[in-house]
$ cat start-v3.cif   # mmCIF, C-alpha atoms
data_work
#
loop_
_atom_site.label_atom_id
_atom_site.label_comp_id
_atom_site.auth_asym_id
_atom_site.auth_seq_id
_atom_site.Cartn_x
_atom_site.Cartn_y
_atom_site.Cartn_z
CA MET A 1 1.12 -20.62 -10.00
CA GLU A 2 3.95 -18.42 -11.13
CA LYS A 3 5.53 -16.48 -8.27
CA LEU A 4 5.22 -12.75 -8.19
CA VAL A 5 8.57 -10.95 -8.17
CA ILE A 6 8.88 -7.28 -7.27
CA ALA A 7 12.31 -5.66 -7.11
CA GLY A 8 13.89 -9.10 -6.87
CA ARG A 9 11.72 -10.24 -3.96
CA GLU A 10 9.47 -13.26 -4.45
CA PHE A 11 5.91 -13.35 -3.16
CA GLY A 12 3.91 -16.55 -2.80
CA SER A 13 0.65 -14.61 -2.58
CA ARG A 14 -0.70 -12.11 -5.07
CA LEU A 15 -3.01 -10.49 -2.55
CA PHE A 16 -1.75 -7.46 -0.65
CA LEU A 17 -3.64 -6.30 2.39
CA GLY A 18 -4.22 -2.88 3.87
CA THR A 19 -4.54 -2.55 7.64
CA GLY A 20 -7.02 0.33 7.89
CA LYS A 21 -10.59 0.27 9.18
CA PHE A 22 -10.50 -3.04 11.10
CA SER A 23 -12.60 -2.89 14.26
CA SER A 24 -9.79 -4.43 16.33
CA HIS A 25 -6.13 -5.38 15.99
CA THR A 26 -7.00 -9.00 16.75
CA LEU A 27 -9.48 -9.11 13.89
CA MET A 28 -6.90 -7.49 11.61
CA GLN A 29 -4.33 -10.11 12.53
CA GLN A 30 -6.79 -12.95 11.89
CA ALA A 31 -7.71 -11.45 8.53
CA ILE A 32 -4.03 -11.12 7.57
CA GLU A 33 -3.52 -14.78 8.42
CA ALA A 34 -6.64 -15.90 6.55
CA SER A 35 -5.65 -13.88 3.48
CA ARG A 36 -2.29 -15.70 3.23
CA THR A 37 -0.79 -12.35 2.20
CA GLU A 38 2.93 -11.66 2.29
CA MET A 39 2.67 -7.88 1.82
CA VAL A 40 0.86 -5.60 4.23
CA THR A 41 0.53 -1.84 4.02
CA VAL A 42 0.81 0.46 7.01
CA ALA A 43 0.48 4.19 7.44
CA MET A 44 2.33 6.67 9.63
CA LYS A 45 0.97 9.11 12.14
CA ARG A 46 2.37 11.73 14.45
CA ILE A 47 2.79 10.42 17.97
CA GLU A 48 0.72 11.83 20.79
CA LEU A 49 2.81 12.29 23.89
CA GLU A 50 -0.10 11.45 26.19
CA ASN A 51 -0.87 8.25 24.40
CA SER A 52 2.09 6.53 22.80
CA ASN A 53 1.05 2.95 23.52
CA ASP A 54 -0.31 1.00 20.59
CA ASP A 55 0.53 -2.63 20.06
CA MET A 56 -0.56 -2.66 16.41
CA LEU A 57 2.81 -3.85 15.13
CA GLN A 58 2.73 -6.98 17.27
CA HIS A 59 -0.26 -8.04 15.22
CA ILE A 60 1.49 -7.57 11.89
CA LEU A 61 5.19 -8.33 12.21
CA ARG A 62 5.95 -11.78 10.90
CA PRO A 63 9.03 -13.06 9.07
CA ASP A 64 7.03 -13.92 5.94
CA ILE A 65 5.38 -10.52 5.68
CA THR A 66 6.88 -7.51 3.93
CA LEU A 67 5.80 -4.19 5.40
CA LEU A 68 4.84 -1.60 2.83
CA PRO A 69 4.61 1.81 4.48
CA ASN A 70 2.49 4.34 2.64
CA THR A 71 2.78 8.11 2.40
CA SER A 72 -0.89 8.81 2.96
CA GLY A 73 -1.46 12.37 4.11
CA VAL A 74 1.18 14.05 1.96
CA ARG A 75 0.05 16.64 -0.58
CA ASN A 76 3.00 16.92 -2.94
CA ALA A 77 6.32 15.41 -4.00
CA GLU A 78 8.33 17.34 -1.45
CA GLU A 79 6.23 16.11 1.45
CA ALA A 80 6.32 12.61 -0.01
CA VAL A 81 10.12 12.58 0.00
CA PHE A 82 10.15 13.66 3.64
CA ALA A 83 7.56 11.01 4.56
CA ALA A 84 9.54 8.37 2.68
CA GLN A 85 12.69 9.18 4.62
CA MET A 86 10.75 8.98 7.87
CA ALA A 87 9.25 5.64 6.82
CA ARG A 88 12.66 4.23 5.95
CA GLU A 89 13.94 5.26 9.37
CA ALA A 90 10.94 3.99 11.28
CA PHE A 91 10.46 0.65 9.54
CA GLY A 92 13.97 -0.03 8.31
CA THR A 93 12.75 -0.69 4.79
CA PRO A 94 13.25 1.13 1.50
CA TRP A 95 9.91 -0.26 0.23
CA LEU A 96 7.31 2.43 -0.16
CA LYS A 97 3.75 2.74 -1.34
CA LEU A 98 3.86 6.24 -2.73
CA GLU A 99 0.47 7.89 -2.52
CA ILE A 100 -0.13 11.58 -3.09
CA HIS A 101 -3.79 12.48 -3.08
CA PRO A 102 -4.36 16.05 -2.00
CA ASP A 103 -8.08 16.10 -2.76
CA PRO A 104 -9.97 14.75 0.27
CA ARG A 105 -13.24 14.10 -1.55
CA TYR A 106 -12.14 11.58 -4.17
CA LEU A 107 -8.64 10.84 -2.86
CA LEU A 108 -7.48 10.62 -6.46
CA PRO A 109 -3.72 10.56 -6.93
CA ASP A 110 -1.96 13.66 -8.26
CA SER A 111 -0.17 12.33 -11.34
CA VAL A 112 2.30 15.20 -11.72
CA GLU A 113 3.49 15.07 -8.12
CA THR A 114 3.50 11.26 -8.12
CA LEU A 115 5.82 11.14 -11.13
CA LYS A 116 8.09 13.83 -9.66
CA ALA A 117 8.30 12.02 -6.33
CA THR A 118 8.96 8.66 -8.01
CA GLU A 119 11.88 10.11 -9.97
CA ARG A 120 13.42 11.55 -6.81
CA LEU A 121 12.78 8.58 -4.54
CA VAL A 122 14.18 6.03 -6.98
CA LYS A 123 17.41 8.03 -7.12
CA MET A 124 17.47 7.96 -3.31
CA GLY A 125 17.35 4.16 -3.34
CA PHE A 126 13.70 3.57 -2.49
CA VAL A 127 11.69 0.67 -3.87
CA VAL A 128 8.76 2.73 -5.09
CA LEU A 129 5.28 1.33 -5.70
CA PRO A 130 3.20 4.33 -6.74
CA TYR A 131 -0.56 4.41 -6.32
CA CYS A 132 -1.66 6.08 -9.54
CA GLN A 133 -4.41 6.85 -11.99
CA ALA A 134 -5.30 4.08 -14.43
CA ASP A 135 -3.47 6.07 -17.09
CA PRO A 136 -1.39 3.90 -19.44
CA THR A 137 0.89 6.79 -20.44
CA LEU A 138 1.55 7.73 -16.83
CA CYS A 139 2.21 4.11 -15.90
CA LYS A 140 4.87 3.89 -18.63
CA ARG A 141 6.43 7.11 -17.37
CA LEU A 142 6.48 5.77 -13.80
CA GLU A 143 8.11 2.59 -15.04
CA GLU A 144 10.74 4.58 -16.95
CA ALA A 145 11.38 6.58 -13.78
CA GLY A 146 12.25 3.33 -12.03
CA ALA A 147 9.07 2.37 -10.18
CA ALA A 148 9.29 -1.24 -8.97
CA ALA A 149 5.60 -1.75 -9.81
CA VAL A 150 2.64 0.43 -10.69
CA MET A 151 -0.57 0.48 -8.67
CA PRO A 152 -3.38 1.88 -10.80
CA LEU A 153 -6.80 2.32 -9.25
CA GLY A 154 -9.97 0.45 -10.10
CA ALA A 155 -12.20 3.09 -8.48
CA PRO A 156 -11.80 5.64 -5.67
CA ILE A 157 -10.29 4.37 -2.39
CA GLY A 158 -12.80 2.65 -0.15
CA SER A 159 -15.62 2.88 -2.70
CA ASN A 160 -15.94 -0.89 -3.34
CA LYS A 161 -17.08 -0.01 -6.88
CA GLY A 162 -14.92 -2.54 -8.69
CA LEU A 163 -12.93 -2.12 -11.89
CA ARG A 164 -14.48 1.07 -13.26
CA THR A 165 -11.23 1.67 -15.15
CA ARG A 166 -11.26 -1.81 -16.64
CA ASP A 167 -10.37 -0.98 -20.25
CA PHE A 168 -7.48 1.24 -19.23
CA LEU A 169 -6.20 -1.38 -16.79
CA GLY A 170 -6.16 -3.72 -19.78
CA ILE A 171 -3.89 -1.36 -21.71
CA ILE A 172 -1.64 -0.84 -18.69
CA ILE A 173 -1.27 -4.59 -18.19
CA GLU A 174 -0.56 -5.10 -21.89
CA GLN A 175 2.18 -2.46 -21.93
CA ALA A 176 3.76 -2.91 -18.52
CA GLY A 177 7.30 -4.09 -18.02
CA VAL A 178 6.87 -4.04 -14.23
CA PRO A 179 4.20 -5.74 -12.10
CA VAL A 180 0.76 -4.12 -12.14
CA VAL A 181 -0.99 -4.15 -8.78
CA VAL A 182 -4.62 -3.09 -8.96
CA ASP A 183 -5.21 -0.92 -5.92
CA ALA A 184 -8.34 0.82 -4.65
CA GLY A 185 -11.96 0.21 -5.45
CA ILE A 186 -11.87 -3.58 -5.35
CA GLY A 187 -15.01 -4.34 -3.40
CA ALA A 188 -15.72 -8.02 -3.93
CA PRO A 189 -13.74 -11.18 -4.58
CA SER A 190 -15.22 -11.25 -8.11
CA HIS A 191 -13.58 -7.87 -8.81
CA ALA A 192 -10.22 -9.23 -7.68
CA ALA A 193 -10.66 -12.38 -9.76
CA GLU A 194 -11.55 -10.22 -12.77
CA ALA A 195 -8.38 -8.15 -12.38
CA MET A 196 -6.27 -11.27 -12.06
CA GLU A 197 -7.93 -12.94 -15.07
CA MET A 198 -7.02 -9.84 -17.07
CA GLY A 199 -3.38 -10.41 -16.18
CA ALA A 200 -2.87 -8.08 -13.24
CA SER A 201 0.12 -9.17 -11.16
CA ALA A 202 -1.59 -8.64 -7.81
CA CYS A 203 -4.45 -6.88 -6.03
CA LEU A 204 -4.34 -4.66 -2.98
CA VAL A 205 -7.47 -4.89 -0.85
CA ASN A 206 -8.36 -3.17 2.38
CA THR A 207 -11.85 -1.75 2.86
CA ALA A 208 -13.70 -4.67 1.28
CA ILE A 209 -12.18 -7.02 3.83
CA ALA A 210 -12.01 -4.73 6.85
CA VAL A 211 -15.67 -3.66 6.74
CA ALA A 212 -17.13 -7.02 5.69
CA GLY A 213 -19.64 -8.73 7.98
CA ASP A 214 -16.98 -11.34 8.71
CA PRO A 215 -13.58 -9.89 7.75
CA VAL A 216 -11.71 -13.15 8.37
CA ALA A 217 -13.96 -15.20 6.09
CA MET A 218 -13.85 -12.39 3.52
CA ALA A 219 -10.04 -12.38 3.61
CA GLU A 220 -10.10 -16.07 2.80
CA ALA A 221 -12.61 -15.48 0.00
CA PHE A 222 -10.31 -12.85 -1.52
CA ALA A 223 -7.33 -15.19 -1.23
CA SER A 224 -9.24 -17.85 -3.20
CA ALA A 225 -10.48 -15.33 -5.77
CA VAL A 226 -7.02 -13.95 -6.44
CA GLU A 227 -5.61 -17.46 -6.79
CA ALA A 228 -8.46 -18.57 -9.05
CA GLY A 229 -8.12 -15.48 -11.21
CA ARG A 230 -4.40 -15.93 -11.58
CA MET A 231 -4.75 -19.63 -12.38
CA ALA A 232 -7.33 -18.78 -15.03
CA TYR A 233 -5.02 -16.19 -16.57
CA GLU A 234 -2.13 -18.64 -16.67
CA ALA A 235 -4.40 -21.37 -18.05
CA GLY A 236 -5.53 -19.08 -20.87
CA LEU A 237 -9.19 -18.08 -21.08
CA GLY A 238 -11.26 -19.19 -24.03
CA THR A 239 -12.15 -16.53 -26.57
CA VAL A 240 -15.48 -14.74 -26.25
CA ALA A 241 -17.74 -15.22 -29.28
CA GLU A 242 -18.46 -12.09 -31.31
CA HIS A 243 -22.04 -13.19 -31.98
CA PHE A 244 -24.64 -14.49 -29.53
CA GLU A 245 -25.21 -17.86 -31.17
CA ALA A 246 -24.50 -21.11 -29.39
CA ASP A 247 -21.54 -23.32 -30.16
CA ALA A 248 -22.48 -26.82 -29.01
CA SER A 249 -20.36 -28.43 -26.37
CA SER A 250 -22.20 -31.75 -26.57
CA PRO A 251 -22.69 -33.99 -29.63
CA LEU A 252 -25.99 -33.14 -31.35
CA THR A 253 -27.02 -36.71 -32.23
CA ALA A 254 -30.67 -37.28 -31.38
CA PHE A 255 -29.97 -40.44 -29.38
CA LEU A 256 -33.27 -40.35 -27.46
CA ASP A 257 -35.20 -41.01 -30.69
CA GLU A 258 -32.95 -43.79 -31.83
CA GLU A 259 -34.49 -47.25 -31.97
CA MET B 1 14.19 24.03 27.88
CA THR B 2 11.14 24.11 25.69
CA ILE B 3 11.03 22.21 22.44
CA TYR B 4 8.09 21.45 20.17
CA VAL B 5 7.01 17.90 19.42
CA ASN B 6 4.51 17.69 16.59
CA ASN B 7 3.70 21.36 17.18
CA LYS B 8 3.05 20.95 20.92
CA PRO B 9 5.40 22.57 23.44
CA LEU B 10 7.31 20.19 25.70
CA GLN B 11 9.51 20.96 28.70
CA THR B 12 12.45 18.63 28.66
CA ALA B 13 15.81 18.07 30.31
CA ALA B 14 16.91 15.73 27.51
CA ALA B 15 20.19 16.87 26.01
CA ASP B 16 19.89 14.89 22.81
CA VAL B 17 17.37 12.96 20.70
CA ALA B 18 18.30 9.61 22.27
CA ALA B 19 17.62 10.95 25.77
CA LEU B 20 14.33 12.42 24.62
CA ALA B 21 13.30 9.08 23.11
CA VAL B 22 13.80 7.47 26.52
CA GLU B 23 12.04 10.32 28.32
CA ILE B 24 8.88 10.12 26.23
CA GLY B 25 8.93 6.33 25.87
CA LEU B 26 9.22 6.30 22.11
CA PRO B 27 8.00 3.01 20.59
CA ALA B 28 10.39 0.78 18.65
CA MET B 29 9.36 1.70 15.14
CA ALA B 30 9.42 5.47 15.08
CA ALA B 31 11.25 8.19 13.22
CA VAL B 32 12.39 11.61 14.32
CA ALA B 33 13.03 14.77 12.35
CA VAL B 34 14.43 17.92 13.92
CA ASN B 35 13.56 21.16 12.17
CA ASN B 36 12.35 19.15 9.16
CA ARG B 37 15.53 17.10 8.82
CA VAL B 38 15.33 13.38 9.43
CA VAL B 39 17.73 12.24 12.14
CA PRO B 40 18.80 8.62 11.58
CA ARG B 41 18.53 6.46 14.68
CA ALA B 42 22.30 5.95 14.75
CA GLY B 43 22.70 9.70 15.09
CA TRP B 44 20.19 10.28 17.90
CA GLU B 45 22.81 10.53 20.63
CA ALA B 46 25.02 12.88 18.67
CA HIS B 47 22.13 15.18 17.80
CA LYS B 48 21.94 17.74 20.64
CA LEU B 49 18.62 19.45 21.28
CA ARG B 50 18.36 23.22 21.40
CA GLU B 51 15.77 25.57 22.84
CA GLY B 52 12.89 25.99 20.42
CA ASP B 53 13.73 22.96 18.23
CA LYS B 54 10.77 21.71 16.27
CA LEU B 55 10.53 17.93 16.21
CA THR B 56 8.36 15.74 14.04
CA ILE B 57 7.97 12.26 15.47
CA ILE B 58 6.00 9.58 13.68
CA ARG B 59 5.06 6.01 14.37
CA VAL B 60 3.17 3.23 12.68
CA ALA B 61 -0.58 3.45 12.17
CA CYS B 62 -3.22 1.35 10.48
CA GLY B 63 -3.71 2.21 6.83
CA GLY B 64 -4.28 0.90 3.33
#

$ encode --input "start-v3.cif" --output "structure tokens"
Amino acid sequence: MEKLVIAGREFGSRLFLGTGKFSSHTLMQQAIEASRTEMVTVAMKRIELENSNDDMLQHILRPDITLLPNTSGVRNAEEAVFAAQMAREAFGTPWLKLEIHPDPRYLLPDSVETLKATERLVKMGFVVLPYCQADPTLCKRLEEAGAAAVMPLGAPIGSNKGLRTRDFLGIIIEQAGVPVVVDAGIGAPSHAAEAMEMGASACLVNTAIAVAGDPVAMAEAFASAVEAGRMAYEAGLGTVAEHFEADASSPLTAFLDEE
Amino acid sequence: MTIYVNNKPLQTAAADVAALAVEIGLPAMAAVAVNNRVVPRAGWEAHKLREGDKLTIIRVACGG
């Protein structure tokens, strides 16, 4: 399999993992290991003075894993820039999953603010991976602004609905000059495989793994699906017939009747 | 003096951000802003705290 390269960094795995919603840190760590991921997203929160002990990071930090802090909770570009600076300080990395979704019901990204923030953050030296609408025009604009990758959504965050934006993802992939990471909505390994078969560079999965009956086994299933999908894309899928007639794959000699 | 940490009042004797970090047992991966300006870790000692300062302090959390 071809290696994924984002902003000059090579990734052996094309599955990115979110760390939300796991029932325990131990389970999260086991799922990260089973997924074989090399990129893990984390969020930020305000500390509580009464309760500042949380060993979450011990379960994530590994030399082969890149931390991708997100800006979840910000409502506009200005807040995103502040959050990005805080993230760079806290985690010592310029890598950033930019997400600006002010609407709490659908958590859909605000395209105008996302583009504004990307333009500013790139100039400030951040490696920006914006979570965005599956809008081909927007994705080109984000790329022109210097985004290291684009992360269009398949369906609303946590919905497990799959690639509801499939046709637009196809256009984005066709036009992109930077890696396309399908983020949000991927609810089953088959969805991830589908995105990869279409030529997506990677998938970011969180809820589907974290809330599965067995998150560790599901992480492994996603790892296999992403690999299979990518291999299929690189192998070149056969064309789909326009009609519904058969095209024999076995010789049609009637050998059973032959004397 | 009284300062505000994430909007909550805090009585502290810490003279600067570095001393405050020790006082409140700040975890390794955290970031501090004073009055909405990020203070880089290297500048924590030099950044003196004043009465009424408003601090934003964040740390890692689980998220997608």

$ residues_near_point --input "start-v3.cif" --point "(22.6, 14.4, 19.0)" --cutoff "12 Å" --atoms "all atoms listed in the file" --output "MDAnalysis selection string"
chainID B and resid 14:21 32:34 39:50

$ closest_residue --input "start-v3.cif" --among "A:Pro152, A:Gly158, A:Pro102, A:Pro189" --to "chain B" --atoms "all atoms listed in the file"
A:Gly158

$ closest_residue --input "start-v3.cif" --among "B:Val38, B:Ala31, B:Ile24, B:Ile57" --to "B:Asn7" --atoms "all atoms listed in the file"
B:Ile57

$ closest_residue --input "start-v3.cif" --among "A:Glu38, A:Phe16, A:Met124, A:Ala7" --to "A:Val205" --atoms "only C-alpha atoms"
A:Phe16

$ residues_around --input "start-v3.cif" --residues "stretch 73-90 of chain A" --least-positions-apart "6" --cutoff "8 Å" --atoms "all atoms listed in the file" --output "PDB file with C-alpha atoms, in the coordinates of the input"
ATOM      1  CA  MET A  44       2.330   6.670   9.630  1.00  0.00           C
ATOM      2  CA  LEU A  96       7.310   2.430  -0.160  1.00  0.00           C
ATOM      3  CA  LEU A  98       3.860   6.240  -2.730  1.00  0.00           C
ATOM      4  CA  GLU A  99       0.470   7.890  -2.520  1.00  0.00           C
ATOM      5  CA  ILE A 100      -0.130  11.580  -3.090  1.00  0.00           C
ATOM      6  CA  HIS A 101      -3.790  12.480  -3.080  1.00  0.00           C
ATOM      7  CA  PRO A 102      -4.360  16.050  -2.000  1.00  0.00           C
ATOM      8  CA  ASP A 110      -1.960  13.660  -8.260  1.00  0.00           C
ATOM      9  CA  GLU A 113       3.490  15.070  -8.120  1.00  0.00           C
ATOM     10  CA  THR A 114       3.500  11.260  -8.120  1.00  0.00           C
ATOM     11  CA  LYS A 116       8.090  13.830  -9.660  1.00  0.00           C
ATOM     12  CA  ALA A 117       8.300  12.020  -6.330  1.00  0.00           C
ATOM     13  CA  ARG A 120      13.420  11.550  -6.810  1.00  0.00           C
ATOM     14  CA  LEU A 121      12.780   8.580  -4.540  1.00  0.00           C
TER      15      LEU A 121
ATOM     16  CA  MET B  29       9.360   1.700  15.140  1.00  0.00           C
ATOM     17  CA  ALA B  30       9.420   5.470  15.080  1.00  0.00           C
ATOM     18  CA  ALA B  31      11.250   8.190  13.220  1.00  0.00           C
ATOM     19  CA  VAL B  32      12.390  11.610  14.320  1.00  0.00           C
ATOM     20  CA  ALA B  33      13.030  14.770  12.350  1.00  0.00           C
ATOM     21  CA  VAL B  38      15.330  13.380   9.430  1.00  0.00           C
ATOM     22  CA  PRO B  40      18.800   8.620  11.580  1.00  0.00           C
ATOM     23  CA  ARG B  41      18.530   6.460  14.680  1.00  0.00           C
ATOM     24  CA  ILE B  58       6.000   9.580  13.680  1.00  0.00           C
ATOM     25  CA  ARG B  59       5.060   6.010  14.370  1.00  0.00           C
ATOM     26  CA  VAL B  60       3.170   3.230  12.680  1.00  0.00           C
TER      27      VAL B  60
END

$ closest_residue --input "start-v3.cif" --among "A:Ile209, A:Ile6, A:Ala248, A:Val127" --to "chain B" --atoms "all atoms listed in the file"
A:Ile209

$ decode --input "start-v3.cif" --residues "stretch 39-49 of chain B" --atoms "all heavy atoms" --output "PDB file, in the first residue's frame"
ATOM      1  N   VAL B  39       0.208  32.558  27.196  1.00  0.00           N
ATOM      2  CA  VAL B  39       1.553  32.756  27.756  1.00  0.00           C
ATOM      3  C   VAL B  39       2.364  31.492  27.484  1.00  0.00           C
ATOM      4  O   VAL B  39       2.070  30.438  28.057  1.00  0.00           O
ATOM      5  CB  VAL B  39       1.491  33.010  29.282  1.00  0.00           C
ATOM      6  CG1 VAL B  39       2.897  33.268  29.832  1.00  0.00           C
ATOM      7  CG2 VAL B  39       0.562  34.169  29.590  1.00  0.00           C
ATOM      8  N   PRO B  40       3.364  31.565  26.605  1.00  0.00           N
ATOM      9  CA  PRO B  40       4.167  30.376  26.328  1.00  0.00           C
ATOM     10  C   PRO B  40       4.852  29.874  27.595  1.00  0.00           C
ATOM     11  O   PRO B  40       5.198  30.670  28.470  1.00  0.00           O
ATOM     12  CB  PRO B  40       5.220  30.872  25.320  1.00  0.00           C
ATOM     13  CG  PRO B  40       4.702  32.166  24.798  1.00  0.00           C
ATOM     14  CD  PRO B  40       3.827  32.745  25.861  1.00  0.00           C
ATOM     15  N   ARG B  41       5.006  28.562  27.667  1.00  0.00           N
ATOM     16  CA  ARG B  41       5.562  27.947  28.871  1.00  0.00           C
ATOM     17  C   ARG B  41       6.903  28.588  29.269  1.00  0.00           C
ATOM     18  O   ARG B  41       7.172  28.804  30.446  1.00  0.00           O
ATOM     19  CB  ARG B  41       5.754  26.441  28.625  1.00  0.00           C
ATOM     20  CG  ARG B  41       6.031  25.629  29.864  1.00  0.00           C
ATOM     21  CD  ARG B  41       5.974  24.146  29.546  1.00  0.00           C
ATOM     22  NE  ARG B  41       4.613  23.633  29.456  1.00  0.00           N
ATOM     23  CZ  ARG B  41       3.978  23.017  30.457  1.00  0.00           C
ATOM     24  NH1 ARG B  41       4.585  22.842  31.609  1.00  0.00           N
ATOM     25  NH2 ARG B  41       2.765  22.571  30.308  1.00  0.00           N
ATOM     26  N   ALA B  42       7.708  28.902  28.282  1.00  0.00           N
ATOM     27  CA  ALA B  42       9.026  29.496  28.561  1.00  0.00           C
ATOM     28  C   ALA B  42       8.903  30.869  29.240  1.00  0.00           C
ATOM     29  O   ALA B  42       9.851  31.348  29.852  1.00  0.00           O
ATOM     30  CB  ALA B  42       9.819  29.617  27.263  1.00  0.00           C
ATOM     31  N   GLY B  43       7.728  31.455  29.127  1.00  0.00           N
ATOM     32  CA  GLY B  43       7.552  32.783  29.712  1.00  0.00           C
ATOM     33  C   GLY B  43       6.741  32.794  31.007  1.00  0.00           C
ATOM     34  O   GLY B  43       6.376  33.851  31.519  1.00  0.00           O
ATOM     35  N   TRP B  44       6.471  31.615  31.542  1.00  0.00           N
ATOM     36  CA  TRP B  44       5.622  31.513  32.743  1.00  0.00           C
ATOM     37  C   TRP B  44       6.228  32.240  33.951  1.00  0.00           C
ATOM     38  O   TRP B  44       5.533  32.896  34.697  1.00  0.00           O
ATOM     39  CB  TRP B  44       5.372  30.041  33.102  1.00  0.00           C
ATOM     40  CG  TRP B  44       4.313  29.398  32.246  1.00  0.00           C
ATOM     41  CD1 TRP B  44       3.700  29.943  31.163  1.00  0.00           C
ATOM     42  CD2 TRP B  44       3.751  28.092  32.417  1.00  0.00           C
ATOM     43  NE1 TRP B  44       2.797  29.051  30.633  1.00  0.00           N
ATOM     44  CE2 TRP B  44       2.807  27.907  31.386  1.00  0.00           C
ATOM     45  CE3 TRP B  44       3.971  27.055  33.333  1.00  0.00           C
ATOM     46  CZ2 TRP B  44       2.073  26.737  31.251  1.00  0.00           C
ATOM     47  CZ3 TRP B  44       3.237  25.879  33.193  1.00  0.00           C
ATOM     48  CH2 TRP B  44       2.294  25.725  32.162  1.00  0.00           C
ATOM     49  N   GLU B  45       7.559  32.084  34.106  1.00  0.00           N
ATOM     50  CA  GLU B  45       8.208  32.674  35.277  1.00  0.00           C
ATOM     51  C   GLU B  45       8.247  34.200  35.169  1.00  0.00           C
ATOM     52  O   GLU B  45       8.092  34.913  36.151  1.00  0.00           O
ATOM     53  CB  GLU B  45       9.618  32.110  35.416  1.00  0.00           C
ATOM     54  CG  GLU B  45      10.028  31.895  36.847  1.00  0.00           C
ATOM     55  CD  GLU B  45      11.355  31.170  36.946  1.00  0.00           C
ATOM     56  OE1 GLU B  45      11.432  30.026  36.436  1.00  0.00           O
ATOM     57  OE2 GLU B  45      12.302  31.749  37.500  1.00  0.00           O
ATOM     58  N   ALA B  46       8.434  34.656  33.958  1.00  0.00           N
ATOM     59  CA  ALA B  46       8.554  36.106  33.749  1.00  0.00           C
ATOM     60  C   ALA B  46       7.193  36.801  33.823  1.00  0.00           C
ATOM     61  O   ALA B  46       7.118  38.008  34.041  1.00  0.00           O
ATOM     62  CB  ALA B  46       9.200  36.367  32.387  1.00  0.00           C
ATOM     63  N   HIS B  47       6.120  36.014  33.644  1.00  0.00           N
ATOM     64  CA  HIS B  47       4.801  36.642  33.611  1.00  0.00           C
ATOM     65  C   HIS B  47       4.238  36.779  35.037  1.00  0.00           C
ATOM     66  O   HIS B  47       3.747  35.827  35.628  1.00  0.00           O
ATOM     67  CB  HIS B  47       3.837  35.843  32.738  1.00  0.00           C
ATOM     68  CG  HIS B  47       2.623  36.638  32.369  1.00  0.00           C
ATOM     69  ND1 HIS B  47       2.394  37.109  31.096  1.00  0.00           N
ATOM     70  CD2 HIS B  47       1.592  37.093  33.127  1.00  0.00           C
ATOM     71  CE1 HIS B  47       1.271  37.807  31.097  1.00  0.00           C
ATOM     72  NE2 HIS B  47       0.770  37.816  32.316  1.00  0.00           N
ATOM     73  N   LYS B  48       4.334  37.987  35.603  1.00  0.00           N
ATOM     74  CA  LYS B  48       3.856  38.244  36.970  1.00  0.00           C
ATOM     75  C   LYS B  48       2.327  38.312  36.993  1.00  0.00           C
ATOM     76  O   LYS B  48       1.713  38.832  36.053  1.00  0.00           O
ATOM     77  CB  LYS B  48       4.425  39.569  37.500  1.00  0.00           C
ATOM     78  CG  LYS B  48       5.949  39.654  37.466  1.00  0.00           C
ATOM     79  CD  LYS B  48       6.590  38.581  38.346  1.00  0.00           C
ATOM     80  CE  LYS B  48       8.092  38.500  38.110  1.00  0.00           C
ATOM     81  NZ  LYS B  48       8.656  37.177  38.459  1.00  0.00           N
ATOM     82  N   LEU B  49       1.765  37.783  38.064  1.00  0.00           N
ATOM     83  CA  LEU B  49       0.302  37.831  38.201  1.00  0.00           C
ATOM     84  C   LEU B  49      -0.111  39.101  38.932  1.00  0.00           C
ATOM     85  O   LEU B  49       0.605  39.577  39.826  1.00  0.00           O
ATOM     86  CB  LEU B  49      -0.185  36.590  38.963  1.00  0.00           C
ATOM     87  CG  LEU B  49      -0.036  35.276  38.198  1.00  0.00           C
ATOM     88  CD1 LEU B  49      -0.351  34.090  39.102  1.00  0.00           C
ATOM     89  CD2 LEU B  49      -0.938  35.249  36.968  1.00  0.00           C
TER      90      LEU B  49
END
